[in-house]
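Printed here is model31.cif (mmCIF, C-alpha atoms):
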```cif
data_final
#
loop_
_atom_site.group_PDB
_atom_site.id
_atom_site.type_symbol
_atom_site.label_atom_id
_atom_site.label_comp_id
_atom_site.auth_asym_id
_atom_site.auth_seq_id
_atom_site.Cartn_x
_atom_site.Cartn_y
_atom_site.Cartn_z
ATOM 1 C CA MET Y 1 115.075 276.695 233.911
ATOM 2 C CA LYS Y 2 111.302 276.526 234.103
ATOM 3 C CA LYS Y 3 111.506 272.793 233.792
ATOM 4 C CA LEU Y 4 114.005 272.586 236.646
ATOM 5 C CA VAL Y 5 111.800 274.633 238.939
ATOM 6 C CA PHE Y 6 108.847 272.449 238.093
ATOM 7 C CA SER Y 7 110.698 269.212 238.773
ATOM 8 C CA LEU Y 8 112.064 270.627 242.007
ATOM 9 C CA LYS Y 9 108.559 271.503 243.112
ATOM 10 C CA TYR Y 10 107.485 268.035 242.110
ATOM 11 C CA ALA Y 11 110.245 266.394 244.144
ATOM 12 C CA PHE Y 12 109.519 268.547 247.150
ATOM 13 C CA PHE Y 13 105.860 267.625 247.042
ATOM 14 C CA ILE Y 14 106.650 263.930 246.828
ATOM 15 C CA LEU Y 15 108.976 264.223 249.775
ATOM 16 C CA LEU Y 16 106.275 265.963 251.773
ATOM 17 C CA CYS Y 17 103.766 263.234 250.929
ATOM 18 C CA LEU Y 18 106.183 260.528 251.996
ATOM 19 C CA GLY Y 19 106.847 262.358 255.225
ATOM 20 C CA ILE Y 20 103.182 262.595 256.062
ATOM 21 C CA MET Y 21 102.202 259.138 254.881
ATOM 22 C CA GLY Y 22 105.099 257.064 256.198
ATOM 23 C CA CYS Y 23 104.684 254.770 259.192
ATOM 24 C CA ALA Y 24 105.513 256.462 262.455
ATOM 25 C CA SER Y 25 108.210 254.577 264.330
ATOM 26 C CA GLY Y 26 107.454 253.255 267.804
ATOM 27 C CA PRO Y 27 108.748 254.792 270.998
ATOM 28 C CA THR Y 28 112.031 253.577 272.448
ATOM 29 C CA GLY Y 29 113.591 253.609 275.862
ATOM 30 C CA PHE Y 30 110.385 253.141 277.796
ATOM 31 C CA LEU Y 31 111.711 249.995 279.477
ATOM 32 C CA LYS Y 32 114.477 251.914 281.213
ATOM 33 C CA PRO Y 33 113.944 252.841 284.845
ATOM 34 C CA SER Y 34 112.993 256.497 285.071
ATOM 35 C CA GLU Y 35 114.763 259.017 287.279
ATOM 36 C CA ASP Y 36 111.995 259.138 289.860
ATOM 37 C CA CYS Y 37 112.008 255.358 290.188
ATOM 38 C CA LEU Y 38 113.475 255.461 293.698
ATOM 39 C CA LYS Y 39 111.002 258.098 294.791
ATOM 40 C CA ASN Y 40 108.157 255.942 293.506
ATOM 41 C CA ARG Y 41 109.484 252.971 295.417
ATOM 42 C CA GLU Y 42 109.469 254.981 298.591
ATOM 43 C CA LEU Y 43 105.879 255.957 297.905
ATOM 44 C CA GLN Y 44 104.671 252.509 296.945
ATOM 45 C CA ILE Y 45 106.524 250.148 299.297
ATOM 46 C CA ARG Y 46 106.008 249.447 302.984
ATOM 47 C CA GLN Y 47 107.345 246.715 305.234
ATOM 48 C CA TYR Y 48 105.409 244.929 307.931
ATOM 49 C CA ASP Y 49 106.679 243.026 310.932
ATOM 50 C CA THR Y 50 105.148 239.715 310.080
ATOM 51 C CA ALA Y 51 106.475 236.706 308.239
ATOM 52 C CA ASN Y 52 103.084 235.269 307.426
ATOM 53 C CA GLU Y 53 102.559 235.508 303.662
ATOM 54 C CA LYS Y 54 99.030 234.158 303.633
ATOM 55 C CA ASP Y 55 97.762 236.540 306.310
ATOM 56 C CA THR Y 56 99.383 239.518 304.607
ATOM 57 C CA ILE Y 57 97.806 238.828 301.232
ATOM 58 C CA ALA Y 58 94.448 238.187 302.920
ATOM 59 C CA ALA Y 59 94.757 241.529 304.697
ATOM 60 C CA VAL Y 60 95.556 243.238 301.377
ATOM 61 C CA ALA Y 61 92.471 241.727 299.740
ATOM 62 C CA GLY Y 62 90.416 242.814 302.742
ATOM 63 C CA VAL Y 63 91.661 246.408 302.529
ATOM 64 C CA LEU Y 64 90.948 246.571 298.799
ATOM 65 C CA GLN Y 65 87.409 245.437 299.546
ATOM 66 C CA ASP Y 66 87.139 247.986 302.355
ATOM 67 C CA LEU Y 67 88.070 250.660 299.816
ATOM 68 C CA GLY Y 68 85.340 249.469 297.444
ATOM 69 C CA PHE Y 69 87.527 247.616 294.956
ATOM 70 C CA THR Y 70 86.506 244.361 293.345
ATOM 71 C CA LEU Y 71 89.199 241.766 292.799
ATOM 72 C CA ASP Y 72 90.048 241.062 289.156
ATOM 73 C CA ASP Y 73 92.840 238.535 289.469
ATOM 74 C CA SER Y 74 95.064 236.997 292.090
ATOM 75 C CA GLU Y 75 97.883 234.507 292.483
ATOM 76 C CA THR Y 76 98.487 233.886 296.160
ATOM 77 C CA GLU Y 77 101.599 231.799 295.582
ATOM 78 C CA ILE Y 78 103.576 234.895 294.616
ATOM 79 C CA GLY Y 79 101.444 237.239 296.689
ATOM 80 C CA PHE Y 80 99.693 239.053 293.873
ATOM 81 C CA VAL Y 81 96.266 240.724 293.840
ATOM 82 C CA ALA Y 82 94.780 242.969 291.154
ATOM 83 C CA ALA Y 83 91.619 244.948 291.747
ATOM 84 C CA SER Y 84 89.647 247.743 290.162
ATOM 85 C CA LYS Y 85 86.985 250.224 291.045
ATOM 86 C CA ARG Y 86 84.790 252.724 289.233
ATOM 87 C CA ALA Y 87 84.291 256.015 290.947
ATOM 88 C CA ASP Y 88 83.027 259.527 290.466
ATOM 89 C CA ALA Y 89 85.670 261.860 289.044
ATOM 90 C CA THR Y 90 83.860 265.190 289.021
ATOM 91 C CA SER Y 91 85.702 268.082 290.575
ATOM 92 C CA ALA Y 92 83.728 271.142 291.593
ATOM 93 C CA GLY Y 93 86.309 273.583 290.225
ATOM 94 C CA GLN Y 94 86.296 271.999 286.792
ATOM 95 C CA VAL Y 95 82.473 271.921 286.595
ATOM 96 C CA VAL Y 96 82.149 275.581 287.597
ATOM 97 C CA GLY Y 97 84.871 276.585 285.150
ATOM 98 C CA ALA Y 98 83.157 274.745 282.315
ATOM 99 C CA ALA Y 99 79.769 276.265 283.219
ATOM 100 C CA VAL Y 100 81.267 279.769 283.138
ATOM 101 C CA LEU Y 101 82.831 279.100 279.739
ATOM 102 C CA ASP Y 102 79.532 277.754 278.407
ATOM 103 C CA THR Y 103 77.587 280.760 279.696
ATOM 104 C CA LEU Y 104 80.102 283.127 278.122
ATOM 105 C CA GLY Y 105 79.820 281.180 274.890
ATOM 106 C CA ILE Y 106 76.054 281.529 274.843
ATOM 107 C CA LEU Y 107 76.184 285.204 275.823
ATOM 108 C CA PHE Y 108 78.420 285.893 272.849
ATOM 109 C CA GLY Y 109 75.989 284.156 270.578
ATOM 110 C CA GLY Y 110 77.893 280.933 270.066
ATOM 111 C CA TYR Y 111 77.304 277.369 271.062
ATOM 112 C CA SER Y 112 79.561 275.956 273.676
ATOM 113 C CA ASN Y 113 79.467 272.624 275.448
ATOM 114 C CA VAL Y 114 82.579 272.542 277.581
ATOM 115 C CA SER Y 115 80.475 271.050 280.382
ATOM 116 C CA ALA Y 116 80.290 267.753 278.518
ATOM 117 C CA THR Y 117 84.063 267.440 278.496
ATOM 118 C CA VAL Y 118 84.699 267.681 282.235
ATOM 119 C CA ASP Y 119 85.878 264.622 284.125
ATOM 120 C CA ALA Y 120 82.916 262.426 285.015
ATOM 121 C CA VAL Y 121 83.837 258.836 285.770
ATOM 122 C CA GLN Y 122 87.124 257.179 286.594
ATOM 123 C CA GLU Y 123 88.296 253.624 286.818
ATOM 124 C CA VAL Y 124 91.061 253.014 289.304
ATOM 125 C CA LYS Y 125 93.190 249.913 288.937
ATOM 126 C CA ALA Y 126 95.275 248.699 291.837
ATOM 127 C CA SER Y 127 97.811 245.922 291.838
ATOM 128 C CA VAL Y 128 99.520 244.692 294.959
ATOM 129 C CA ILE Y 129 102.513 242.440 295.399
ATOM 130 C CA THR Y 130 103.534 241.046 298.746
ATOM 131 C CA LYS Y 131 106.790 239.192 299.219
ATOM 132 C CA PRO Y 132 109.142 238.300 302.056
ATOM 133 C CA SER Y 133 111.963 240.790 302.660
ATOM 134 C CA LEU Y 134 115.542 239.768 301.926
ATOM 135 C CA GLU Y 135 116.116 238.850 305.579
ATOM 136 C CA GLY Y 136 112.910 236.850 305.509
ATOM 137 C CA ASN Y 137 111.470 238.154 308.767
ATOM 138 C CA LYS Y 138 109.325 240.901 307.283
ATOM 139 C CA MET Y 139 106.756 241.214 304.533
ATOM 140 C CA VAL Y 140 107.260 243.800 301.812
ATOM 141 C CA VAL Y 141 104.086 245.179 300.275
ATOM 142 C CA ARG Y 142 104.042 247.224 297.097
ATOM 143 C CA VAL Y 143 100.956 248.781 295.594
ATOM 144 C CA THR Y 144 100.572 250.691 292.331
ATOM 145 C CA PHE Y 145 97.514 252.588 291.147
ATOM 146 C CA GLN Y 146 96.489 253.638 287.651
ATOM 147 C CA ARG Y 147 93.457 255.544 286.583
ATOM 148 C CA ILE Y 148 91.449 256.191 283.458
ATOM 149 C CA VAL Y 149 89.160 259.222 283.473
ATOM 150 C CA TRP Y 150 86.168 259.574 281.169
ATOM 151 C CA ASN Y 151 84.205 262.755 280.486
ATOM 152 C CA LYS Y 152 80.443 263.097 280.211
ATOM 153 C CA ASN Y 153 80.609 262.211 276.522
ATOM 154 C CA LYS Y 154 82.189 258.901 277.560
ATOM 155 C CA GLN Y 155 85.469 259.855 275.912
ATOM 156 C CA ILE Y 156 88.748 259.209 277.683
ATOM 157 C CA ASN Y 157 90.061 262.435 279.170
ATOM 158 C CA ARG Y 158 93.168 261.165 280.883
ATOM 159 C CA ILE Y 159 95.081 257.999 281.603
ATOM 160 C CA GLU Y 160 97.737 258.156 284.258
ATOM 161 C CA THR Y 161 99.686 256.429 286.975
ATOM 162 C CA VAL Y 162 98.526 257.724 290.326
ATOM 163 C CA LYS Y 163 101.346 259.558 292.125
ATOM 164 C CA GLU Y 164 99.375 261.323 294.868
ATOM 165 C CA THR Y 165 100.949 260.600 298.232
ATOM 166 C CA GLU Y 166 97.619 260.731 300.103
ATOM 167 C CA ILE Y 167 96.197 257.791 298.196
ATOM 168 C CA TYR Y 168 99.132 255.563 299.066
ATOM 169 C CA GLN Y 169 99.118 256.773 302.661
ATOM 170 C CA LYS Y 170 95.425 255.995 303.026
ATOM 171 C CA PHE Y 171 95.946 252.500 301.626
ATOM 172 C CA TYR Y 172 98.818 251.724 303.985
ATOM 173 C CA GLU Y 173 97.048 253.195 307.005
ATOM 174 C CA ASP Y 174 94.161 250.832 306.349
ATOM 175 C CA LEU Y 175 96.528 247.951 305.677
ATOM 176 C CA SER Y 176 98.346 248.451 308.982
ATOM 177 C CA LYS Y 177 95.014 248.175 310.755
ATOM 178 C CA ALA Y 178 93.968 245.156 308.700
ATOM 179 C CA ILE Y 179 97.232 243.285 309.321
ATOM 180 C CA PHE Y 180 96.768 243.933 313.016
ATOM 181 C CA LEU Y 181 93.173 242.700 312.851
ATOM 182 C CA GLU Y 182 94.215 239.685 310.809
ATOM 183 C CA ALA Y 183 96.941 238.860 313.328
ATOM 184 C CA GLN Y 184 94.414 239.096 316.147
ATOM 185 C CA LYS Y 185 91.929 237.016 314.107
ATOM 186 C CA ILE Y 186 89.224 239.666 314.338
ATOM 187 C CA MET N 1 95.881 269.526 226.598
ATOM 188 C CA ILE N 2 99.536 269.193 227.517
ATOM 189 C CA LYS N 3 98.808 270.871 230.797
ATOM 190 C CA PHE N 4 96.003 268.416 231.454
ATOM 191 C CA ARG N 5 98.249 265.466 230.759
ATOM 192 C CA ARG N 6 100.864 266.849 233.037
ATOM 193 C CA TYR N 7 98.330 267.153 235.861
ATOM 194 C CA ALA N 8 96.955 263.686 235.238
ATOM 195 C CA SER N 9 100.379 262.083 235.446
ATOM 196 C CA PHE N 10 101.060 264.107 238.547
ATOM 197 C CA PHE N 11 97.979 262.732 240.265
ATOM 198 C CA ILE N 12 98.638 259.181 239.213
ATOM 199 C CA PHE N 13 102.080 259.541 240.650
ATOM 200 C CA LEU N 14 100.689 260.939 243.889
ATOM 201 C CA PHE N 15 98.237 258.090 244.093
ATOM 202 C CA LEU N 16 101.057 255.586 243.699
ATOM 203 C CA ILE N 17 103.074 257.233 246.454
ATOM 204 C CA THR N 18 100.108 257.124 248.761
ATOM 205 C CA LEU N 19 99.625 253.490 247.949
ATOM 206 C CA PHE N 20 103.209 252.461 248.560
ATOM 207 C CA SER N 21 104.127 254.591 251.532
ATOM 208 C CA GLY N 22 101.025 253.934 253.628
ATOM 209 C CA CYS N 23 101.134 251.688 256.662
ATOM 210 C CA VAL N 24 100.083 248.079 256.251
ATOM 211 C CA THR N 25 96.437 247.745 255.461
ATOM 212 C CA PRO N 26 94.189 246.964 258.399
ATOM 213 C CA ALA N 27 93.078 243.657 256.896
ATOM 214 C CA ALA N 28 93.290 240.412 258.807
ATOM 215 C CA ARG N 29 96.896 240.566 259.916
ATOM 216 C CA ALA N 30 96.405 239.480 263.472
ATOM 217 C CA LEU N 31 99.193 236.910 263.379
ATOM 218 C CA GLU N 32 101.683 238.960 261.458
ATOM 219 C CA SER N 33 104.905 240.327 262.819
ATOM 220 C CA ASP N 34 107.681 242.185 261.051
ATOM 221 C CA ALA N 35 110.684 240.262 262.297
ATOM 222 C CA SER N 36 111.386 236.593 261.726
ATOM 223 C CA GLN N 37 110.338 234.195 264.456
ATOM 224 C CA VAL N 38 113.871 233.177 265.357
ATOM 225 C CA LYS N 39 115.155 236.723 265.471
ATOM 226 C CA LEU N 40 112.241 237.872 267.577
ATOM 227 C CA ARG N 41 112.790 235.061 270.060
ATOM 228 C CA SER N 42 116.417 235.915 270.530
ATOM 229 C CA ILE N 43 115.599 239.600 271.003
ATOM 230 C CA GLN N 44 112.950 238.852 273.597
ATOM 231 C CA THR N 45 114.527 235.964 275.494
ATOM 232 C CA ARG N 46 117.359 235.657 278.023
ATOM 233 C CA ALA N 47 118.539 232.756 280.165
ATOM 234 C CA PHE N 48 119.370 233.219 283.839
ATOM 235 C CA ASP N 49 121.450 230.892 286.033
ATOM 236 C CA THR N 50 118.856 230.232 288.671
ATOM 237 C CA ALA N 51 116.122 227.674 289.117
ATOM 238 C CA ASP N 52 114.059 229.675 291.591
ATOM 239 C CA LYS N 53 111.016 230.395 289.446
ATOM 240 C CA LYS N 54 109.004 232.018 292.196
ATOM 241 C CA LYS N 55 111.782 234.447 293.089
ATOM 242 C CA MET N 56 112.344 235.224 289.433
ATOM 243 C CA MET N 57 108.666 235.992 288.957
ATOM 244 C CA GLN N 58 108.652 238.258 291.986
ATOM 245 C CA THR N 59 111.716 240.046 290.670
ATOM 246 C CA VAL N 60 110.112 240.418 287.246
ATOM 247 C CA ILE N 61 107.047 241.915 288.910
ATOM 248 C CA SER N 62 109.000 244.370 291.033
ATOM 249 C CA ASN N 63 111.072 245.304 288.010
ATOM 250 C CA MET N 64 107.928 245.952 285.986
ATOM 251 C CA GLN N 65 106.552 248.016 288.838
ATOM 252 C CA ASP N 66 109.762 250.040 288.844
ATOM 253 C CA LEU N 67 109.059 250.750 285.190
ATOM 254 C CA ASP N 68 105.608 252.126 286.083
ATOM 255 C CA PHE N 69 103.680 249.051 284.996
ATOM 256 C CA VAL N 70 100.554 248.016 286.843
ATOM 257 C CA ILE N 71 100.361 244.233 286.981
ATOM 258 C CA ASP N 72 97.121 242.930 285.490
ATOM 259 C CA LYS N 73 97.622 239.184 285.657
ATOM 260 C CA ALA N 74 100.039 236.637 287.025
ATOM 261 C CA ASP N 75 100.069 232.865 286.877
ATOM 262 C CA VAL N 76 102.680 230.789 288.660
ATOM 263 C CA SER N 77 102.137 227.498 286.854
ATOM 264 C CA LEU N 78 102.477 229.179 283.472
ATOM 265 C CA GLY N 79 105.094 231.548 284.841
ATOM 266 C CA SER N 80 103.469 234.518 283.173
ATOM 267 C CA VAL N 81 103.124 238.115 284.301
ATOM 268 C CA THR N 82 101.161 240.694 282.333
ATOM 269 C CA GLY N 83 101.184 244.390 283.043
ATOM 270 C CA SER N 84 100.259 247.669 281.422
ATOM 271 C CA LYS N 85 101.614 251.169 281.528
ATOM 272 C CA PHE N 86 100.501 254.461 280.051
ATOM 273 C CA LEU N 87 102.786 256.290 277.672
ATOM 274 C CA GLY N 88 101.184 259.497 276.492
ATOM 275 C CA TYR N 89 97.772 258.508 275.234
ATOM 276 C CA GLU N 90 98.755 254.957 274.390
ATOM 277 C CA VAL N 91 98.889 251.841 276.510
ATOM 278 C CA VAL N 92 102.002 249.695 276.630
ATOM 279 C CA LYS N 93 101.141 246.116 277.444
ATOM 280 C CA MET N 94 103.831 243.640 278.324
ATOM 281 C CA THR N 95 103.848 239.945 279.108
ATOM 282 C CA VAL N 96 106.859 238.287 280.676
ATOM 283 C CA THR N 97 107.055 234.523 280.922
ATOM 284 C CA VAL N 98 109.449 232.585 283.110
ATOM 285 C CA ARG N 99 110.036 228.917 282.369
ATOM 286 C CA PRO N 100 112.661 226.375 283.301
ATOM 287 C CA ARG N 101 115.440 225.520 280.878
ATOM 288 C CA GLY N 102 117.078 222.309 282.014
ATOM 289 C CA GLU N 103 117.709 221.884 285.717
ATOM 290 C CA LYS N 104 119.687 224.985 286.507
ATOM 291 C CA GLN N 105 118.414 227.757 284.279
ATOM 292 C CA LEU N 106 115.362 229.856 283.687
ATOM 293 C CA LEU N 107 114.300 231.367 280.403
ATOM 294 C CA VAL N 108 112.724 234.788 280.653
ATOM 295 C CA ARG N 109 110.860 236.108 277.665
ATOM 296 C CA ALA N 110 109.294 239.531 277.409
ATOM 297 C CA ASN N 111 107.078 240.858 274.695
ATOM 298 C CA ALA N 112 105.605 244.325 274.618
ATOM 299 C CA GLN N 113 103.021 246.113 272.572
ATOM 300 C CA TYR N 114 102.599 249.859 272.185
ATOM 301 C CA GLY N 115 99.037 250.639 271.164
ATOM 302 C CA ILE N 116 98.462 248.326 268.219
ATOM 303 C CA ARG N 117 102.123 247.928 267.401
ATOM 304 C CA SER N 118 104.375 245.111 268.594
ATOM 305 C CA ILE N 119 107.701 246.295 269.914
ATOM 306 C CA GLU N 120 110.461 244.597 267.976
ATOM 307 C CA ASP N 121 113.304 246.918 268.820
ATOM 308 C CA PRO N 122 116.226 244.986 270.417
ATOM 309 C CA VAL N 123 117.440 247.953 272.487
ATOM 310 C CA THR N 124 114.118 248.312 274.277
ATOM 311 C CA TYR N 125 114.188 244.690 275.415
ATOM 312 C CA GLN N 126 117.868 244.960 276.316
ATOM 313 C CA ASP N 127 116.943 247.829 278.662
ATOM 314 C CA PHE N 128 114.420 245.596 280.361
ATOM 315 C CA PHE N 129 116.829 242.695 280.808
ATOM 316 C CA THR N 130 119.582 244.992 282.035
ATOM 317 C CA SER N 131 117.417 246.265 284.845
ATOM 318 C CA LEU N 132 116.167 242.737 285.563
ATOM 319 C CA GLU N 133 119.765 241.554 285.803
ATOM 320 C CA LYS N 134 120.551 244.239 288.327
ATOM 321 C CA ALA N 135 117.505 243.350 290.349
ATOM 322 C CA ILE N 136 118.305 239.658 290.568
ATOM 323 C CA PHE N 137 122.130 239.971 290.715
ATOM 324 C CA LEU N 138 122.625 237.547 287.871
ATOM 325 C CA THR N 139 123.871 237.890 284.343
ATOM 326 C CA ALA N 140 121.418 237.422 281.559
ATOM 327 C CA GLN N 141 122.728 235.268 278.744
ATOM 328 C CA GLN N 142 121.860 235.674 275.129
ATOM 329 C CA VAL N 143 120.001 232.603 273.875
ATOM 330 C CA ASP N 144 120.636 231.295 270.375
#
```

Can you present the structure in this file as structure tokens?
Amino acid sequence: MKKLVFSLKYAFFILLCLGIMGCASGPTGFLKPSEDCLKNRELQIRQYDTANEKDTIAAVAGVLQDLGFTLDDSETEIGFVAASKRADATSAGQVVGAAVLDTLGILFGGYSNVSATVDAVQEVKASVITKPSLEGNKMVVRVTFQRIVWNKNKQINRIETVKETEIYQKFYEDLSKAIFLEAQKI
Amino acid sequence: MIKFRRYASFFIFLFLITLFSGCVTPAARALESDASQVKLRSIQTRAFDTADKKKMMQTVISNMQDLDFVIDKADVSLGSVTGSKFLGYEVVKMTVTVRPRGEKQLLVRANAQYGIRSIEDPVTYQDFFTSLEKAIFLTAQQVD
């Protein structure tokens, strides 16, 4: 009986080890369109009343520059531009919150450095595709933004796809103006 | 003494388990992949009945954008599109190449990486080609 208990324990332990040590399997299903795919399209796509591909892509590059982006890659033949930008990512609320936590930490005799983990710098990546609409008389523009946020310790705090409506709106407002300017050759 | 021997064998056994069940060692395995070359190709490749490379590339791009990818690079002469997407704290990177197959067909090949792991799961790629098919209104054919 004692022997049985021992071997059972043994087997259990081995199983546990295998469970912890085994290779984790990769994720699946991430190449399936998500449920909010249509909503994202609405957010990211605009159409413009022009059939000029070259002017549209030039306007896009211009707007990205206006917004402080530098161009990383482009392929005008299929209307593609990729750009990135580094920007400040500090938010007042977060900084104050961290400072309060740190002060409390010190008051209670501990050491706390939450302030070093607040968002500090972000890199925003933008990629834009322009293509003729199905009817061929309009240009369809689609932009997507991603961002990586680092804290003061230069560790990555967050990586995410930007879903804020305002950012897309701002981009397309500027693009409307730029396409107009481009059309007028200003 | 018996007790000691019992413990010793226990630890040797543990050590062996650790050795055998661990992931592949991080030595120079840059060119290694788990599946065979032929199998991997057939998982990652589909043929489409169209010769319009530019349109196919644009469809691939919009399909990748639908899947939350941000396009990093594109090259028309090579027919390649590379994009990345964030999944939790890891980055999924995917390259799709479009090249002609004969006069009337295009071969589309996708390969994705999740963090440091190559994706070799057929279902994942099938998902991608299914949505690409829908986007371009053509049927993707399995390539031998």

Inset, instruction - Just say which residues the PyMOL selection byres ((chain N) within 8 of (chain Y)) picks in this file, as a PyMOL selection string. - result: chain N and resi 14+17-18+21-23+54+57-58+61+65-68+70-76+85-86+89+114+117+119+121+123-125+127-128+131

Inset, instruction - Go through Y:Val100, Y:Ala116, Y:Val141, Y:Val149 and flag the residue nearest Thr56 (chain Y), using only C-alpha atoms for the distances. - result: Y:Val141

Inset, instruction - Select, from Y:Val140, Y:Ala89, Y:Leu71, Y:Leu101, the residue with the minimum atom-to-atom distance to Arg46 (chain Y), counting only C-alpha atoms. - result: Y:Val140

Legend entry - Separation of CA of Gln122 (chain Y) from CA of Asp102 (chain Y), in Å and rounded to one decimal: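 Computed distance, CA of Gln122 (chain Y) to CA of Asp102 (chain Y), equals 23.4 Å.
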
Legend entry - Best match for closeness to Val108 (chain N) among N:Ala135, N:Val92, N:Thr45, N:Leu87, counting only C-alpha atoms: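 Of all the options, N:Thr45 lies closest to Val108 (chain N).
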
Inset, instruction - Within 12 Å of Gln65 (chain Y), counting all atoms listed in the file, which residues show up once you throw out same-chain ones fewer than 2 positions away? Write them as a list in words, please. - result: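 So the residues in contact are Ala58, Ala59, Val60, Ala61, Gly62, Val63, Leu67, Gly68, Phe69, Thr70, Leu71, Asp72, Val81, Ala82, Ala83, Ser84, Lys85, Ala126, Phe171, Asp174, Leu175 and Ala178 of chain Y.
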
Inset, instruction - May I ask for the distance between CA of Trp150 (chain Y) and CA of Tyr172 (chain Y), given in Å to one decimal place? - result: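 About the pair CA of Trp150 (chain Y) and CA of Tyr172 (chain Y): they are 27.2 Å apart.
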
Write region 137-157 of chain Y as an mmCIF file, in the frame of the given file, completed to N, CA and C atoms.
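Below you can see out.cif, which holds the result:
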```cif
data_model
loop_
_atom_site.group_PDB
_atom_site.id
_atom_site.type_symbol
_atom_site.label_atom_id
_atom_site.label_comp_id
_atom_site.auth_asym_id
_atom_site.auth_seq_id
_atom_site.Cartn_x
_atom_site.Cartn_y
_atom_site.Cartn_z
ATOM 1 N N ASN Y 137 112.290 238.025 307.561
ATOM 2 C CA ASN Y 137 111.470 238.154 308.767
ATOM 3 C C ASN Y 137 110.385 239.222 308.643
ATOM 4 N N LYS Y 138 110.333 239.868 307.489
ATOM 5 C CA LYS Y 138 109.325 240.901 307.283
ATOM 6 C C LYS Y 138 108.610 240.662 305.971
ATOM 7 N N MET Y 139 107.444 241.290 305.816
ATOM 8 C CA MET Y 139 106.756 241.214 304.533
ATOM 9 C C MET Y 139 106.841 242.573 303.855
ATOM 10 N N VAL Y 140 107.200 242.562 302.580
ATOM 11 C CA VAL Y 140 107.260 243.800 301.812
ATOM 12 C C VAL Y 140 105.993 243.887 300.953
ATOM 13 N N VAL Y 141 105.302 244.999 301.060
ATOM 14 C CA VAL Y 141 104.086 245.179 300.275
ATOM 15 C C VAL Y 141 104.302 246.338 299.310
ATOM 16 N N ARG Y 142 103.935 246.131 298.060
ATOM 17 C CA ARG Y 142 104.042 247.224 297.097
ATOM 18 C C ARG Y 142 102.740 247.359 296.332
ATOM 19 N N VAL Y 143 102.198 248.543 296.332
ATOM 20 C CA VAL Y 143 100.956 248.781 295.594
ATOM 21 C C VAL Y 143 101.188 249.837 294.519
ATOM 22 N N THR Y 144 100.543 249.655 293.367
ATOM 23 C CA THR Y 144 100.572 250.691 292.331
ATOM 24 C C THR Y 144 99.149 250.950 291.866
ATOM 25 N N PHE Y 145 98.844 252.197 291.620
ATOM 26 C CA PHE Y 145 97.514 252.588 291.147
ATOM 27 C C PHE Y 145 97.618 253.253 289.780
ATOM 28 N N GLN Y 146 96.615 252.980 288.957
ATOM 29 C CA GLN Y 146 96.489 253.638 287.651
ATOM 30 C C GLN Y 146 95.068 254.148 287.554
ATOM 31 N N ARG Y 147 94.858 255.199 286.796
ATOM 32 C CA ARG Y 147 93.457 255.544 286.583
ATOM 33 C C ARG Y 147 93.168 256.027 285.176
ATOM 34 N N ILE Y 148 91.940 255.747 284.756
ATOM 35 C CA ILE Y 148 91.449 256.191 283.458
ATOM 36 C C ILE Y 148 90.251 257.084 283.754
ATOM 37 N N VAL Y 149 90.255 258.288 283.202
ATOM 38 C CA VAL Y 149 89.160 259.222 283.473
ATOM 39 C C VAL Y 149 88.366 259.479 282.200
ATOM 40 N N TRP Y 150 87.042 259.296 282.301
ATOM 41 C CA TRP Y 150 86.168 259.574 281.169
ATOM 42 C C TRP Y 150 85.402 260.875 281.404
ATOM 43 N N ASN Y 151 85.056 261.574 280.332
ATOM 44 C CA ASN Y 151 84.205 262.755 280.486
ATOM 45 C C ASN Y 151 82.747 262.370 280.272
ATOM 46 N N LYS Y 152 81.875 263.398 280.303
ATOM 47 C CA LYS Y 152 80.443 263.097 280.211
ATOM 48 C C LYS Y 152 80.057 262.526 278.853
ATOM 49 N N ASN Y 153 80.874 262.779 277.847
ATOM 50 C CA ASN Y 153 80.609 262.211 276.522
ATOM 51 C C ASN Y 153 81.143 260.787 276.406
ATOM 52 N N LYS Y 154 81.611 260.256 277.508
ATOM 53 C CA LYS Y 154 82.189 258.901 277.560
ATOM 54 C C LYS Y 154 83.467 258.777 276.733
ATOM 55 N N GLN Y 155 84.164 259.907 276.571
ATOM 56 C CA GLN Y 155 85.469 259.855 275.912
ATOM 57 C C GLN Y 155 86.542 259.859 276.993
ATOM 58 N N ILE Y 156 87.678 259.241 276.693
ATOM 59 C CA ILE Y 156 88.748 259.209 277.683
ATOM 60 C C ILE Y 156 89.425 260.569 277.771
ATOM 61 N N ASN Y 157 89.425 261.137 278.967
ATOM 62 C CA ASN Y 157 90.061 262.435 279.170
ATOM 63 C C ASN Y 157 91.532 262.282 279.521
#
```
